[in-house]
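Note sheet for the following structure.
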Amino acid sequence: MAQAERKIRVLVAKPGLDGHDRGAKVIARALRDAGMEVIYTGLRQTPEMIAAAALQEDVDAVGVSILSGAHNTLCPRIVSLLREQGMKDTLVVLGGIVPQEDIPKLKEQGVAEIFLPGTSTQDIAKFIRENVRPRE
């Protein structure tokens with residue numbers, strides 16, 4: 001099936017002990033409304049659980065929502081686990097409260113983009129659509 005015919009599959013994940021998932025649910029709904037297939041992991045996932053779900057669901061992108069401040073620990077671990085599983089082209093994006101000074105290092109570690117509070121859901125969907133790599 002050609003990429004144009006196939007829906008983009010996105011795993012929306014909420015790692016760590018943060019119990020606030022309203023934003024993740026809003027993003028999941030917005031990506032569905034934008035025509036993507038979305039799997040939401042629920043709260044309090046470990047990086048290992050997220051990577052396993054991404055592999056099992058054969059997703060094109062992983063959207064991580066973090067408000068707890070643990071992004072510098074959790075995101076690189078998620079990226080590393082995905083790459084170890086052979087998901088080298090899986091797009092990883094992060095949304096949440098992330099200080100500006102942390103953004104360059106997160107991008108160096110494999111996070112494709114960081115969406116801060118106030119980013120429109122259309123911009124997030126557009127970024128994912130434009131940056132997911134076509135499958136063969």
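Residues in the structure tokens are named by chain (A, B, ... in the order shown) and by number from 1 within that chain; ligands are numbered from 1 in the order shown.
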Near-A:Leu43 list (9 Å; only C-alpha atoms; drop same-chain fewer than 4 positions) as a list in words
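Result of the neighbour search: Ala13, Lys14, Pro15, Gly16, Leu17, Asp18, Gly19, His20 and Asp21 of chain A.
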Write the residues of the selection above to a file with all heavy atoms, as a PDB file, in the first residue's frame.
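Once written, again13.pdb looks like this:
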```pdb
ATOM      1  N   ALA A  13       1.859   8.905  23.990  1.00  0.00           N
ATOM      2  CA  ALA A  13       2.298   8.262  25.213  1.00  0.00           C
ATOM      3  C   ALA A  13       2.478   9.257  26.346  1.00  0.00           C
ATOM      4  O   ALA A  13       2.870  10.401  26.129  1.00  0.00           O
ATOM      5  CB  ALA A  13       3.623   7.538  24.949  1.00  0.00           C
ATOM      6  N   LYS A  14       2.216   8.793  27.517  1.00  0.00           N
ATOM      7  CA  LYS A  14       2.302   9.621  28.723  1.00  0.00           C
ATOM      8  C   LYS A  14       3.209   8.913  29.724  1.00  0.00           C
ATOM      9  O   LYS A  14       2.750   8.108  30.533  1.00  0.00           O
ATOM     10  CB  LYS A  14       0.874   9.765  29.252  1.00  0.00           C
ATOM     11  CG  LYS A  14       0.644  10.826  30.222  1.00  0.00           C
ATOM     12  CD  LYS A  14       0.666  12.189  29.632  1.00  0.00           C
ATOM     13  CE  LYS A  14       0.609  13.150  30.787  1.00  0.00           C
ATOM     14  NZ  LYS A  14       1.289  14.353  30.596  1.00  0.00           N
ATOM     15  N   PRO A  15       4.526   9.167  29.670  1.00  0.00           N
ATOM     16  CA  PRO A  15       5.451   8.457  30.550  1.00  0.00           C
ATOM     17  C   PRO A  15       5.568   9.100  31.936  1.00  0.00           C
ATOM     18  O   PRO A  15       5.238  10.262  32.133  1.00  0.00           O
ATOM     19  CB  PRO A  15       6.781   8.584  29.808  1.00  0.00           C
ATOM     20  CG  PRO A  15       6.675   9.889  29.108  1.00  0.00           C
ATOM     21  CD  PRO A  15       5.209  10.029  28.733  1.00  0.00           C
ATOM     22  N   GLY A  16       6.058   8.302  32.841  1.00  0.00           N
ATOM     23  CA  GLY A  16       6.377   8.821  34.164  1.00  0.00           C
ATOM     24  C   GLY A  16       5.179   8.915  35.082  1.00  0.00           C
ATOM     25  O   GLY A  16       4.127   8.336  34.830  1.00  0.00           O
ATOM     26  N   LEU A  17       5.350   9.661  36.131  1.00  0.00           N
ATOM     27  CA  LEU A  17       4.351   9.723  37.186  1.00  0.00           C
ATOM     28  C   LEU A  17       3.350  10.857  37.021  1.00  0.00           C
ATOM     29  O   LEU A  17       2.446  11.003  37.834  1.00  0.00           O
ATOM     30  CB  LEU A  17       5.062   9.868  38.545  1.00  0.00           C
ATOM     31  CG  LEU A  17       5.999   8.705  38.884  1.00  0.00           C
ATOM     32  CD1 LEU A  17       6.720   8.979  40.200  1.00  0.00           C
ATOM     33  CD2 LEU A  17       5.235   7.397  38.938  1.00  0.00           C
ATOM     34  N   ASP A  18       3.515  11.632  35.984  1.00  0.00           N
ATOM     35  CA  ASP A  18       2.601  12.730  35.708  1.00  0.00           C
ATOM     36  C   ASP A  18       1.187  12.199  35.469  1.00  0.00           C
ATOM     37  O   ASP A  18       0.978  11.332  34.632  1.00  0.00           O
ATOM     38  CB  ASP A  18       3.133  13.463  34.471  1.00  0.00           C
ATOM     39  CG  ASP A  18       2.263  14.607  34.022  1.00  0.00           C
ATOM     40  OD1 ASP A  18       1.289  14.951  34.726  1.00  0.00           O
ATOM     41  OD2 ASP A  18       2.552  15.162  32.964  1.00  0.00           O
ATOM     42  N   GLY A  19       0.235  12.699  36.209  1.00  0.00           N
ATOM     43  CA  GLY A  19      -1.134  12.205  36.093  1.00  0.00           C
ATOM     44  C   GLY A  19      -2.066  13.103  35.311  1.00  0.00           C
ATOM     45  O   GLY A  19      -3.280  12.906  35.336  1.00  0.00           O
ATOM     46  N   HIS A  20      -1.512  14.076  34.607  1.00  0.00           N
ATOM     47  CA  HIS A  20      -2.357  15.011  33.860  1.00  0.00           C
ATOM     48  C   HIS A  20      -2.328  14.626  32.385  1.00  0.00           C
ATOM     49  O   HIS A  20      -1.310  14.791  31.724  1.00  0.00           O
ATOM     50  CB  HIS A  20      -1.855  16.439  34.036  1.00  0.00           C
ATOM     51  CG  HIS A  20      -1.836  16.861  35.464  1.00  0.00           C
ATOM     52  ND1 HIS A  20      -2.970  17.297  36.112  1.00  0.00           N
ATOM     53  CD2 HIS A  20      -0.844  16.879  36.370  1.00  0.00           C
ATOM     54  CE1 HIS A  20      -2.669  17.582  37.362  1.00  0.00           C
ATOM     55  NE2 HIS A  20      -1.383  17.339  37.545  1.00  0.00           N
ATOM     56  N   ASP A  21      -3.431  14.141  31.868  1.00  0.00           N
ATOM     57  CA  ASP A  21      -3.424  13.682  30.483  1.00  0.00           C
ATOM     58  C   ASP A  21      -4.429  14.396  29.589  1.00  0.00           C
ATOM     59  O   ASP A  21      -4.682  13.952  28.479  1.00  0.00           O
ATOM     60  CB  ASP A  21      -3.604  12.175  30.408  1.00  0.00           C
ATOM     61  CG  ASP A  21      -4.961  11.708  30.872  1.00  0.00           C
ATOM     62  OD1 ASP A  21      -5.699  12.504  31.485  1.00  0.00           O
ATOM     63  OD2 ASP A  21      -5.274  10.534  30.633  1.00  0.00           O
TER      64      ASP A  21
END
```
So that I can see what lies close to stretch 106-121 of chain A, please list as a compact mmCIF listing (two decimals) with all heavy atoms, in the first residue's frame the residues with an atom at most 6 Å from it, counting only C-alpha atoms and leaving out residues fewer than 5 positions away in the same chain.
```txt
# COMPACT_ATOMS: atom_id res chain seq x y z
N PRO A 76 15.14 10.69 25.95
CA PRO A 76 16.28 9.99 25.35
C PRO A 76 16.18 8.47 25.53
O PRO A 76 16.58 7.72 24.64
CB PRO A 76 17.48 10.56 26.11
CG PRO A 76 17.02 11.90 26.56
CD PRO A 76 15.56 11.73 26.88
N VAL A 92 9.84 10.86 16.63
CA VAL A 92 9.51 11.07 18.04
C VAL A 92 9.34 12.57 18.25
O VAL A 92 10.25 13.35 17.93
CB VAL A 92 10.60 10.53 18.98
CG1 VAL A 92 10.26 10.83 20.44
CG2 VAL A 92 10.79 9.02 18.77
N VAL A 93 8.18 12.95 18.75
CA VAL A 93 7.92 14.35 19.06
C VAL A 93 7.51 14.44 20.53
O VAL A 93 7.02 13.48 21.11
CB VAL A 93 6.82 14.96 18.15
CG1 VAL A 93 7.28 15.00 16.71
CG2 VAL A 93 5.51 14.23 18.27
N LEU A 94 7.73 15.60 21.09
CA LEU A 94 7.47 15.82 22.52
C LEU A 94 6.59 17.04 22.69
O LEU A 94 6.80 18.06 22.03
CB LEU A 94 8.81 16.02 23.25
CG LEU A 94 8.77 16.57 24.67
CD1 LEU A 94 8.06 15.61 25.62
CD2 LEU A 94 10.20 16.85 25.15
N GLY A 95 5.64 16.91 23.59
CA GLY A 95 4.82 18.05 23.94
C GLY A 95 4.78 18.20 25.45
O GLY A 95 4.80 17.20 26.17
N GLY A 96 4.77 19.44 25.90
CA GLY A 96 4.70 19.65 27.34
C GLY A 96 5.45 20.89 27.75
O GLY A 96 5.75 21.75 26.92
```
Would you please work out which residue, of A:Ser65, A:Val10, A:Leu82, A:Asp58, is nearest to A:Gly35 when using only C-alpha atoms?
A:Val10
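Proximity of A:Ile97, A:Val59, A:Leu11, A:Ile27 to A:Pro134, computed with only C-alpha atoms, is greatest for A:Val59.
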Enumerate as number ranges by chain all residues of chain A assigned to helix (DSSP H, G or I) by DSSP on the backbone, naming them with the chain letters and numbers the document uses.
A: 22-33, 47-57, 71-84, 100-108, 121-131
Spatial neighbours of A:Ala30, max dist 8 Å, only C-alpha atoms, sep filter under 2 positions, as a PyMOL selection string
chain A and resi 26-28+32-34+121-122+125
Could you tell me how far atom CA of A:Arg29 sits from atom CA of A:Gln85, in Å to one decimal place?
27.6 Å
Nearest candidate to A:Glu37 (options A:Arg9, A:Val64, A:Glu84, A:Ile50; using only C-alpha atoms)
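Nearest candidate to A:Glu37 out of A:Arg9, A:Val64, A:Glu84, A:Ile50: A:Arg9.
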Name the closest residue to A:Thr90 among the candidates A:Ala61, A:Leu31, A:Ala51, A:Ala70; distances are taken between atoms, counting only C-alpha atoms.
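Closest candidate: A:Ala61.
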Which of stretch 13-73 of chain A counts as strand (DSSP E or B) under DSSP, as a ChimeraX atom specification please?
/A:13,15,37-40,45,61-66
Using N, CA and C atoms, can you write the selected residues to a file as a compact mmCIF listing (two decimals), in the first residue's frame?
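Output contents, as saved in result_31.txt:
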```txt
# COMPACT_ATOMS: atom_id res chain seq x y z
N ALA A 13 1.86 8.91 23.99
CA ALA A 13 2.30 8.26 25.21
C ALA A 13 2.48 9.26 26.35
N PRO A 15 4.53 9.17 29.67
CA PRO A 15 5.45 8.46 30.55
C PRO A 15 5.57 9.10 31.94
N GLU A 37 -4.25 7.57 12.41
CA GLU A 37 -4.68 6.51 13.30
C GLU A 37 -3.89 6.69 14.59
N VAL A 38 -4.56 6.80 15.72
CA VAL A 38 -3.91 7.15 16.97
C VAL A 38 -4.15 6.06 18.01
N ILE A 39 -3.08 5.69 18.68
CA ILE A 39 -3.15 4.76 19.80
C ILE A 39 -2.68 5.55 21.03
N TYR A 40 -3.48 5.57 22.08
CA TYR A 40 -3.11 6.27 23.30
C TYR A 40 -2.76 5.24 24.37
N GLN A 45 3.26 5.34 31.93
CA GLN A 45 3.97 4.34 31.15
C GLN A 45 5.48 4.49 31.35
N ALA A 61 5.02 7.26 14.19
CA ALA A 61 5.45 8.35 15.07
C ALA A 61 5.04 8.06 16.50
N VAL A 62 5.84 8.58 17.43
CA VAL A 62 5.51 8.51 18.85
C VAL A 62 5.44 9.95 19.35
N GLY A 63 4.31 10.30 19.92
CA GLY A 63 4.14 11.61 20.53
C GLY A 63 4.15 11.45 22.04
N VAL A 64 5.12 12.08 22.67
CA VAL A 64 5.30 11.94 24.11
C VAL A 64 4.82 13.22 24.78
N SER A 65 3.99 13.06 25.79
CA SER A 65 3.49 14.21 26.54
C SER A 65 4.05 14.15 27.96
N ILE A 66 4.78 15.20 28.33
CA ILE A 66 5.40 15.25 29.66
C ILE A 66 5.21 16.63 30.27
```
Residue nearest A:Cys75 among A:Asp89, A:Glu101, A:Glu5, A:Glu48 (counting only C-alpha atoms):
A:Glu48
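Of the listed residues (A:Pro104, A:Glu130, A:Leu81, A:Arg135), A:Leu81 comes nearest to A:Leu55; the distances count only C-alpha atoms.
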